[in-house]
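Source file: final-v1.tsv; contents: TSV, C-alpha atoms.
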```tsv
chain	number	residue	atom	x	y	z
A	6	MET	CA	-26.15	219.71	-9.35
A	7	THR	CA	-24.92	217.73	-12.31
A	8	VAL	CA	-24.16	214.15	-13.28
A	9	GLN	CA	-21.46	212.58	-11.10
A	10	SER	CA	-21.29	209.18	-12.84
A	11	PRO	CA	-18.47	209.11	-15.43
A	12	ASP	CA	-20.43	206.63	-17.57
A	13	ILE	CA	-23.37	208.97	-18.24
A	14	ILE	CA	-23.07	211.64	-20.95
A	15	ASP	CA	-26.67	212.85	-21.28
A	16	PHE	CA	-29.43	212.13	-18.78
A	17	ARG	CA	-33.02	213.33	-18.32
A	18	PHE	CA	-35.71	212.45	-15.82
A	19	SER	CA	-38.97	213.71	-14.36
A	20	THR	CA	-40.74	212.42	-11.25
A	21	ALA	CA	-44.02	213.05	-13.11
A	22	ASP	CA	-43.23	209.96	-15.20
A	23	TRP	CA	-43.27	207.61	-12.19
A	24	SER	CA	-46.11	206.23	-10.10
A	25	ASP	CA	-46.85	207.76	-6.69
A	26	ARG	CA	-45.56	204.63	-4.94
A	27	ASP	CA	-42.26	204.53	-6.86
A	28	ARG	CA	-41.57	208.26	-7.09
A	29	LEU	CA	-39.52	208.79	-3.93
A	30	PRO	CA	-37.59	205.47	-3.99
A	31	ILE	CA	-36.53	206.02	-7.60
A	32	LEU	CA	-35.57	209.64	-6.95
A	33	ARG	CA	-33.54	208.87	-3.83
A	34	GLU	CA	-31.92	205.55	-4.71
A	35	GLN	CA	-31.63	205.22	-8.48
A	36	ILE	CA	-31.22	208.89	-9.37
A	37	GLY	CA	-29.93	210.50	-6.18
A	38	ARG	CA	-27.38	208.05	-4.90
A	39	MET	CA	-26.37	206.30	-8.11
A	40	VAL	CA	-26.29	209.14	-10.65
A	41	VAL	CA	-25.96	212.58	-9.04
A	42	LYS	CA	-24.55	211.54	-5.63
A	43	LEU	CA	-27.28	213.45	-3.76
A	44	ASP	CA	-29.95	212.57	-1.22
A	45	PRO	CA	-33.24	214.31	-2.11
A	46	GLU	CA	-36.27	214.11	0.18
A	47	PRO	CA	-39.57	215.99	0.49
A	48	LEU	CA	-39.31	219.10	2.61
A	49	THR	CA	-42.86	218.71	3.95
A	50	ASP	CA	-45.69	216.23	3.60
A	51	GLY	CA	-47.45	216.45	0.29
A	52	ALA	CA	-46.59	216.49	-3.37
A	53	PHE	CA	-43.03	217.10	-4.55
A	54	HIS	CA	-41.51	217.34	-7.98
A	55	ALA	CA	-38.11	217.13	-9.63
A	56	GLU	CA	-37.06	217.10	-13.23
A	57	ALA	CA	-33.65	217.61	-14.77
A	58	ASN	CA	-31.67	217.57	-17.96
A	59	MET	CA	-28.00	216.81	-17.33
A	60	ARG	CA	-25.15	216.68	-19.77
A	61	GLU	CA	-21.43	216.01	-19.58
A	62	LEU	CA	-19.06	218.04	-21.73
A	63	PRO	CA	-15.27	217.85	-21.85
A	64	GLY	CA	-14.12	219.20	-18.51
A	65	LEU	CA	-17.46	220.13	-16.97
A	66	GLY	CA	-21.02	219.04	-16.29
A	67	ILE	CA	-24.31	220.88	-16.82
A	68	GLY	CA	-27.63	220.43	-15.05
A	69	SER	CA	-30.95	222.22	-15.67
A	70	TRP	CA	-33.41	221.60	-12.82
A	71	ALA	CA	-37.04	222.28	-11.93
A	72	CYS	CA	-38.03	221.33	-8.36
A	73	SER	CA	-40.60	221.93	-5.66
A	74	ASN	CA	-40.90	220.85	-2.02
A	75	LEU	CA	-37.49	219.22	-1.80
A	76	ARG	CA	-34.38	219.25	0.34
A	77	ILE	CA	-31.48	218.13	-1.84
A	78	ALA	CA	-28.49	217.19	0.29
A	79	ARG	CA	-24.98	215.93	-0.32
A	80	PRO	CA	-24.31	214.14	2.99
A	81	ARG	CA	-20.86	213.08	4.09
A	82	GLU	CA	-21.49	209.44	3.23
A	83	LEU	CA	-21.94	210.37	-0.46
A	84	LEU	CA	-18.69	212.32	-0.71
A	85	ASP	CA	-16.38	210.44	-3.05
A	86	GLY	CA	-13.21	212.53	-3.13
A	87	ASN	CA	-14.42	214.73	-5.97
A	88	ASP	CA	-13.49	218.36	-5.28
A	89	ASP	CA	-15.20	220.03	-8.24
A	90	LEU	CA	-16.95	223.35	-7.69
A	91	ILE	CA	-20.69	223.70	-8.33
A	92	LEU	CA	-22.00	227.04	-9.58
A	93	THR	CA	-25.79	227.27	-9.27
A	94	ILE	CA	-27.83	230.06	-10.86
A	95	ILE	CA	-31.49	230.56	-9.92
A	96	THR	CA	-33.66	231.37	-12.93
A	97	SER	CA	-37.09	231.36	-11.22
A	98	GLY	CA	-38.51	230.80	-7.75
A	99	ASN	CA	-36.59	230.84	-4.48
A	100	THR	CA	-34.00	228.46	-3.03
A	101	ARG	CA	-31.79	228.26	0.06
A	102	ALA	CA	-28.23	226.96	-0.17
A	103	SER	CA	-26.22	225.76	2.84
A	104	GLN	CA	-22.61	224.72	3.39
A	105	ARG	CA	-19.93	225.24	6.04
A	106	GLY	CA	-22.62	226.22	8.55
A	107	GLN	CA	-23.78	229.14	6.42
A	108	ASP	CA	-27.13	229.68	4.68
A	109	ILE	CA	-27.85	231.86	1.66
A	110	GLU	CA	-31.33	232.75	0.43
A	111	LEU	CA	-31.39	232.89	-3.36
A	112	SER	CA	-33.93	234.48	-5.69
A	113	PRO	CA	-34.02	234.75	-9.50
A	114	GLY	CA	-30.83	236.22	-10.93
A	115	GLN	CA	-28.68	235.16	-7.99
A	116	ALA	CA	-26.00	232.48	-7.84
A	117	VAL	CA	-23.91	230.57	-5.33
A	118	LEU	CA	-20.69	228.58	-5.48
A	119	GLN	CA	-20.38	225.35	-3.49
A	120	SER	CA	-17.80	222.59	-3.20
A	121	SER	CA	-18.67	218.98	-3.99
A	122	ALA	CA	-15.92	217.93	-1.56
A	123	GLU	CA	-17.97	219.03	1.46
A	124	ALA	CA	-21.44	218.28	2.81
A	125	ALA	CA	-24.04	220.74	1.56
A	126	ASN	CA	-27.72	221.06	0.75
A	127	MET	CA	-30.26	223.10	-1.16
A	128	VAL	CA	-33.84	223.66	-0.02
A	129	VAL	CA	-36.62	224.31	-2.52
A	130	PRO	CA	-40.01	225.32	-1.03
A	131	SER	CA	-43.43	224.18	-2.26
A	132	SER	CA	-43.51	226.87	-4.91
A	133	PRO	CA	-41.59	225.67	-8.01
A	134	SER	CA	-38.04	226.81	-8.62
A	135	ARG	CA	-35.79	226.49	-11.63
A	136	PHE	CA	-32.02	226.66	-11.61
A	137	VAL	CA	-29.01	225.64	-13.63
A	138	GLY	CA	-25.88	224.07	-12.21
A	139	LEU	CA	-22.38	223.98	-13.63
A	140	ARG	CA	-19.82	221.49	-12.28
A	141	LEU	CA	-16.35	222.95	-12.75
A	142	PRO	CA	-13.07	221.17	-12.01
A	143	ARG	CA	-10.86	223.52	-10.00
A	144	LYS	CA	-8.03	223.24	-12.48
A	145	ALA	CA	-10.30	224.60	-15.23
A	146	LEU	CA	-10.58	227.85	-13.26
A	147	ALA	CA	-6.96	228.01	-12.11
A	148	SER	CA	-5.79	230.55	-14.69
A	149	LEU	CA	-8.99	232.59	-14.70
A	150	VAL	CA	-10.10	233.09	-11.09
A	151	ARG	CA	-8.11	234.57	-8.20
A	152	ASP	CA	-9.10	232.08	-5.50
A	153	PRO	CA	-12.46	230.31	-6.01
A	154	GLU	CA	-12.20	228.83	-2.50
A	155	ASP	CA	-12.76	232.32	-1.08
A	156	MET	CA	-16.04	232.61	-2.98
A	157	LEU	CA	-17.70	229.49	-1.57
A	158	ILE	CA	-21.19	230.00	-0.10
A	159	ARG	CA	-20.93	233.77	-0.52
A	160	PRO	CA	-23.32	236.08	-2.38
A	161	LEU	CA	-22.13	236.62	-5.95
A	162	PRO	CA	-23.02	239.73	-7.97
A	163	ALA	CA	-26.62	239.26	-9.16
A	164	ASN	CA	-28.11	239.65	-12.64
A	165	THR	CA	-24.81	240.24	-14.39
A	166	GLU	CA	-24.53	239.95	-18.15
A	167	ALA	CA	-22.30	236.89	-17.78
A	168	MET	CA	-24.90	235.23	-15.54
A	169	ARG	CA	-27.77	235.91	-17.95
A	170	LEU	CA	-25.73	234.72	-20.92
A	171	LEU	CA	-24.61	231.54	-19.16
A	172	ALA	CA	-28.24	230.63	-18.37
A	173	PHE	CA	-29.18	231.45	-21.98
A	174	TYR	CA	-26.30	229.40	-23.39
A	175	ILE	CA	-27.32	226.37	-21.35
A	176	LYS	CA	-30.96	226.77	-22.43
A	177	GLU	CA	-29.85	226.82	-26.05
A	178	LEU	CA	-28.14	223.48	-25.46
A	179	ASP	CA	-31.29	222.09	-23.80
A	180	ASP	CA	-33.44	223.28	-26.71
A	181	GLY	CA	-31.54	221.17	-29.20
A	182	TYR	CA	-28.23	222.86	-29.99
A	183	GLN	CA	-26.24	219.96	-31.43
A	184	LEU	CA	-22.77	219.26	-30.05
A	185	ALA	CA	-21.93	217.53	-33.29
A	186	THR	CA	-18.17	217.12	-32.91
A	187	PRO	CA	-15.70	216.75	-30.03
A	188	GLU	CA	-14.16	220.05	-31.11
A	189	LEU	CA	-17.50	221.87	-30.85
A	190	ALA	CA	-18.27	220.28	-27.47
A	191	SER	CA	-14.84	221.32	-26.19
A	192	ALA	CA	-15.35	224.88	-27.43
A	193	VAL	CA	-18.74	225.11	-25.70
A	194	ALA	CA	-17.20	223.81	-22.47
A	195	THR	CA	-14.50	226.49	-22.69
A	196	HIS	CA	-17.10	229.21	-23.25
A	197	LEU	CA	-19.14	228.05	-20.25
A	198	THR	CA	-16.01	227.97	-18.08
A	199	ASP	CA	-15.18	231.53	-19.17
A	200	LEU	CA	-18.66	232.75	-18.25
A	201	ALA	CA	-18.50	230.96	-14.90
A	202	ALA	CA	-15.14	232.61	-14.16
A	203	LEU	CA	-16.61	236.05	-14.84
A	204	ILE	CA	-19.52	235.28	-12.49
A	205	ILE	CA	-17.29	233.97	-9.70
A	206	GLY	CA	-14.69	236.72	-10.04
A	207	ALA	CA	-12.04	236.46	-12.73
A	208	ASN	CA	-8.56	237.89	-12.23
A	209	ARG	CA	-7.32	240.67	-14.53
A	210	ASP	CA	-5.80	238.40	-17.17
A	211	GLY	CA	-8.66	235.93	-16.88
A	212	THR	CA	-11.19	238.71	-17.46
A	213	VAL	CA	-9.51	239.70	-20.72
A	214	VAL	CA	-9.43	236.11	-21.96
A	215	ALA	CA	-12.97	235.24	-20.83
A	216	GLU	CA	-14.54	238.38	-22.28
A	217	ASP	CA	-12.89	237.87	-25.65
A	218	ARG	CA	-13.64	234.14	-25.79
A	219	GLY	CA	-16.63	232.88	-23.81
A	220	LEU	CA	-18.47	236.17	-23.37
A	221	GLY	CA	-18.07	237.00	-27.04
A	222	ALA	CA	-19.36	233.58	-28.12
A	223	ALA	CA	-22.38	233.85	-25.83
A	224	ARG	CA	-23.16	237.36	-27.04
A	225	LEU	CA	-23.02	236.17	-30.65
A	226	ALA	CA	-25.32	233.25	-29.81
A	227	ALA	CA	-27.77	235.69	-28.20
A	228	VAL	CA	-27.66	237.96	-31.26
A	229	LYS	CA	-28.32	235.03	-33.59
A	230	ALA	CA	-31.20	233.83	-31.42
A	231	ASP	CA	-32.74	237.32	-31.47
A	232	ILE	CA	-32.46	237.44	-35.26
A	233	SER	CA	-34.04	234.00	-35.69
A	234	LYS	CA	-36.89	234.99	-33.37
A	235	ASN	CA	-37.67	238.15	-35.33
A	236	LEU	CA	-37.19	237.05	-38.96
A	237	GLY	CA	-40.74	238.01	-39.91
A	238	PHE	CA	-40.18	241.61	-38.86
A	239	GLU	CA	-37.94	244.42	-40.02
A	240	LEU	CA	-34.48	243.59	-38.74
A	241	THR	CA	-31.99	246.41	-38.43
A	242	LEU	CA	-28.59	246.32	-36.81
A	243	PRO	CA	-29.42	249.17	-34.37
A	244	ALA	CA	-32.69	247.50	-33.30
A	245	VAL	CA	-31.05	244.13	-32.58
A	246	ALA	CA	-28.17	245.78	-30.76
A	247	ALA	CA	-30.57	247.87	-28.64
A	248	ARG	CA	-32.59	244.82	-27.58
A	249	LEU	CA	-29.42	243.12	-26.35
A	250	LYS	CA	-27.93	246.28	-24.82
A	251	LEU	CA	-24.95	246.24	-27.18
A	252	THR	CA	-23.65	248.85	-29.57
A	253	PRO	CA	-24.16	248.27	-33.31
A	254	ARG	CA	-20.40	248.29	-33.83
A	255	HIS	CA	-19.94	245.62	-31.18
A	256	VAL	CA	-22.48	243.37	-32.95
A	257	GLN	CA	-20.61	243.92	-36.21
A	258	ARG	CA	-17.34	242.92	-34.56
A	259	LEU	CA	-18.92	239.73	-33.20
A	260	PHE	CA	-19.84	238.65	-36.73
A	261	GLU	CA	-16.48	239.77	-38.13
A	262	HIS	CA	-14.71	237.62	-35.57
A	263	ALA	CA	-16.83	234.65	-36.79
A	264	GLY	CA	-15.97	235.39	-40.44
A	265	SER	CA	-19.38	236.75	-41.42
A	266	THR	CA	-21.50	239.89	-41.33
A	267	PHE	CA	-24.82	240.85	-39.77
A	268	SER	CA	-26.48	241.24	-43.18
A	269	GLU	CA	-25.18	237.89	-44.47
A	270	PHE	CA	-26.50	236.06	-41.43
A	271	VAL	CA	-29.92	237.72	-41.58
A	272	LEU	CA	-30.28	236.94	-45.29
A	273	GLY	CA	-29.15	233.33	-44.80
A	274	GLN	CA	-31.65	232.79	-42.00
A	275	ARG	CA	-34.50	234.31	-44.00
A	276	LEU	CA	-33.72	232.17	-47.03
A	277	ALA	CA	-33.50	229.07	-44.84
A	278	ARG	CA	-36.88	229.86	-43.28
A	279	ALA	CA	-38.44	230.39	-46.71
A	280	HIS	CA	-37.00	227.07	-47.89
A	281	ARG	CA	-38.48	225.27	-44.87
A	282	LEU	CA	-41.91	226.78	-45.49
A	283	LEU	CA	-41.80	226.02	-49.22
A	284	THR	CA	-41.03	222.35	-48.54
A	285	ASP	CA	-43.54	221.98	-45.70
A	286	PRO	CA	-46.52	219.90	-46.99
A	287	ARG	CA	-48.74	221.76	-44.53
A	288	ARG	CA	-48.04	225.03	-46.38
A	289	ILE	CA	-49.00	223.87	-49.88
A	290	ASP	CA	-51.86	226.36	-50.03
A	291	SER	CA	-49.67	229.33	-49.08
A	292	THR	CA	-48.56	231.50	-51.99
A	293	ILE	CA	-44.90	232.14	-52.61
A	294	GLY	CA	-45.54	235.81	-51.89
A	295	THR	CA	-47.01	234.97	-48.47
A	296	ILE	CA	-44.03	232.78	-47.59
A	297	ALA	CA	-41.60	235.46	-48.75
A	298	PHE	CA	-43.37	238.04	-46.58
A	299	GLU	CA	-43.42	235.73	-43.54
A	300	SER	CA	-39.68	235.24	-43.98
A	301	GLY	CA	-39.02	238.97	-43.90
A	302	PHE	CA	-38.81	239.79	-47.63
A	303	GLY	CA	-40.76	242.86	-48.69
A	304	ASP	CA	-39.81	242.68	-52.39
A	305	LEU	CA	-40.92	239.51	-54.20
A	306	SER	CA	-38.61	240.05	-57.19
A	307	TYR	CA	-35.61	240.43	-54.89
A	308	PHE	CA	-36.68	237.31	-52.99
A	309	ASN	CA	-36.94	235.23	-56.18
A	310	ARG	CA	-33.53	236.37	-57.46
A	311	THR	CA	-31.78	235.85	-54.14
A	312	PHE	CA	-33.42	232.49	-53.50
A	313	ARG	CA	-32.42	231.14	-56.92
A	314	ARG	CA	-28.85	232.37	-56.54
A	315	HIS	CA	-28.59	230.70	-53.11
A	316	TYR	CA	-30.32	227.37	-53.81
A	317	GLY	CA	-29.80	226.98	-57.58
A	318	ALA	CA	-33.54	226.67	-58.12
A	319	THR	CA	-36.53	229.00	-58.09
A	320	PRO	CA	-39.01	229.03	-55.20
A	321	SER	CA	-41.59	227.51	-57.58
A	322	GLU	CA	-39.28	224.61	-58.42
A	323	ILE	CA	-38.57	223.94	-54.74
A	324	ARG	CA	-42.31	224.17	-54.04
A	325	MET	CA	-43.00	221.33	-56.54
A	326	VAL	CA	-41.31	218.72	-54.29
A	327	PRO	CA	-43.96	218.63	-51.50
A	328	GLN	CA	-46.75	219.06	-54.09
A	329	ARG	CA	-45.63	215.94	-55.96
A	330	ALA	CA	-45.38	214.06	-52.68
A	331	ALA	CA	-48.88	215.16	-51.68
A	332	ARG	CA	-50.34	214.06	-55.04
A	333	ALA	CA	-48.56	210.70	-54.75
A	334	ASN	CA	-50.12	210.11	-51.35
A	335	LEU	CA	-53.59	210.68	-52.78
A	336	ARG	CA	-53.23	207.92	-55.36
```

Starting from the file, give its structure as structure tokens.
Amino acid sequence: MTVQSPDIIDFRFSTADWSDRDRLPILREQIGRMVVKLDPEPLTDGAFHAEANMRELPGLGIGSWACSNLRIARPRELLDGNDDLILTIITSGNTRASQRGQDIELSPGQAVLQSSAEAANMVVPSSPSRFVGLRLPRKALASLVRDPEDMLIRPLPANTEAMRLLAFYIKELDDGYQLATPELASAVATHLTDLAALIIGANRDGTVVAEDRGLGAARLAAVKADISKNLGFELTLPAVAARLKLTPRHVQRLFEHAGSTFSEFVLGQRLARAHRLLTDPRRIDSTIGTIAFESGFGDLSYFNRTFRRHYGATPSEIRMVPQRAARANLR
């Protein structure tokens, strides 16, 4: 389930932001029919909830959803001639998808492919569910997938690496990954299409292309996220590779393909973290040694030399900026 209006690039909503009286009318009329071309309604009497973050990229649409107690239908009267394919991946909770007279029960780690050219619905019980949806024009899959029509409303292989990485990649976008240029947005769209093709069932040539392109980019993004999350700890290539179920050599090749190395990226991230902490007015009372240690540097002399070479100033000189600002505010 993604944005269907061509005029909307980025769209967020939550029923929690609306009054009880307005919640259902807004969800059904203003959001459902006008934006996403769906007809949502409570499954049973009682509270219901829906929130979503939807984004349009070149050639595809993305939707991240959290729902409870809802039947979300695409009835015949809302069909508009669009024949895009919708790939939905369940990340938590349980959901039931229906189309062509068939029902599929979905749990976390499972996915289903549906067509936006035909009536369909998804049922979310009272317990909350989260899922991501990818709207894919058929032509985007033409050279990668054997016959996506054959995969409609059929169980897809669950908990695959491509599925986990696609959900991760979309979450990274939701958490603030900036699509700063049209070229970057187009590259991200290509990577997502590659991952979707691997989930649906890529042909032999499509598998080679998608693994080298989209799967490789998503793996590198996952490696970088793991490094950023663990900067304050000892970071070794074997440890990072083991956490992500990759070989150390494969991680090295991912960085080589991007024109960098594992060590260069780790050092750059640690220096950047130290710089942020040194310029944070809330950390004025922290010693430079403490900040160096929190950023993963065990040797203060090495930290000072490396920091000065990278930023053209010592940590103490960088630290003076927020201190001067704090003193100015006290006057």

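Proximity of A:Arg281, A:Arg76, A:Arg17, A:Arg60 to Gly138 in chain A, computed with only C-alpha atoms, is greatest for A:Arg60.
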
- Note on the structure: Ile232 in chain A proximity check over A:Glu269, A:Glu154, A:Asp22, A:Glu46, using all atoms listed in the file: winner is A:Glu269

- At what distance in Å, to one decimal, does CA of Ala55 in chain A lie from CA of Ser19 in chain A?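 Value for the CA of Ser19 in chain A-CA of Ala55 in chain A distance: 5.9 Å.
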
Would you compute the box with edges along x, y and z of the file around range 319-326 of chain A, including every atom the file lists for it and 6 Å extra on each side, and give its centre and edge lengths in Å to one decimal, as lines of an AutoDock Vina configuration file?
```
center_x = -39.8
center_y = 223.9
center_z = -56.2
size_x = 18.5
size_y = 22.3
size_z = 16.4
```

- Task: Take the point (-18.2, 240.9, -15.2) in the file's coordinates, draw a sphere of radius 10 Å around it, and report as a list in words every protein, DNA or RNA residue with an atom inside or on it, counting all atoms listed in the file.
- Result: Pro162, Thr165, Glu166, Ala167, Met168, Leu200, Ala201, Ala202, Leu203, Ile204, Ile205, Gly206, Ala207, Thr212, Ala215, Glu216 and Leu220 of chain A

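Straight-line separation from CA of Ser120 in chain A to CA of Ala190 in chain A: 24.4 Å.
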
- Message: Please determine, counting all atoms listed in the file, which residue among A:Ser233, A:Ser268, A:Ser321, A:Thr311 has the shortest atom-to-atom distance to Ile289 in chain A.
- Response: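 The answer is A:Ser321, which sits nearest to Ile289 in chain A.
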
- Message: Just the number, please: distance in Å from CA of Ile77 in chain A to CA of Asp44 in chain A, one decimal.
- Response: 5.8 Å

- Query: Out of A:Ser265, A:Ser69, A:Thr252, A:Ser148, which residue has the shortest atom-to-atom distance to Arg209 in chain A when counting all atoms listed in the file?
  - Reply: A:Ser148

- Query: Which one is closest to Leu249 in chain A: A:Ala318, A:Leu170, A:Ala222, A:Leu92? Count all atoms listed in the file.
  - Reply: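 When distances to Leu249 in chain A are compared using all atoms listed in the file, the smallest one comes from A:Leu170.
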
- Excluding Gly51 in chain A and residues on its chain fewer than 6 positions from it, collect all residues at most 12 Å away from it, counting only C-alpha atoms, and give them as a VMD selection string. chain A and resid 25 29 73 to 75 130 to 131

- Message: Just want the 9 Å neighbourhood of Pro113 in chain A, counted on all atoms listed in the file, with same-chain residues fewer than 3 positions away dropped. Output as a PyMOL selection string.
- Response: chain A and resi 94-99+116+134-136+163-164
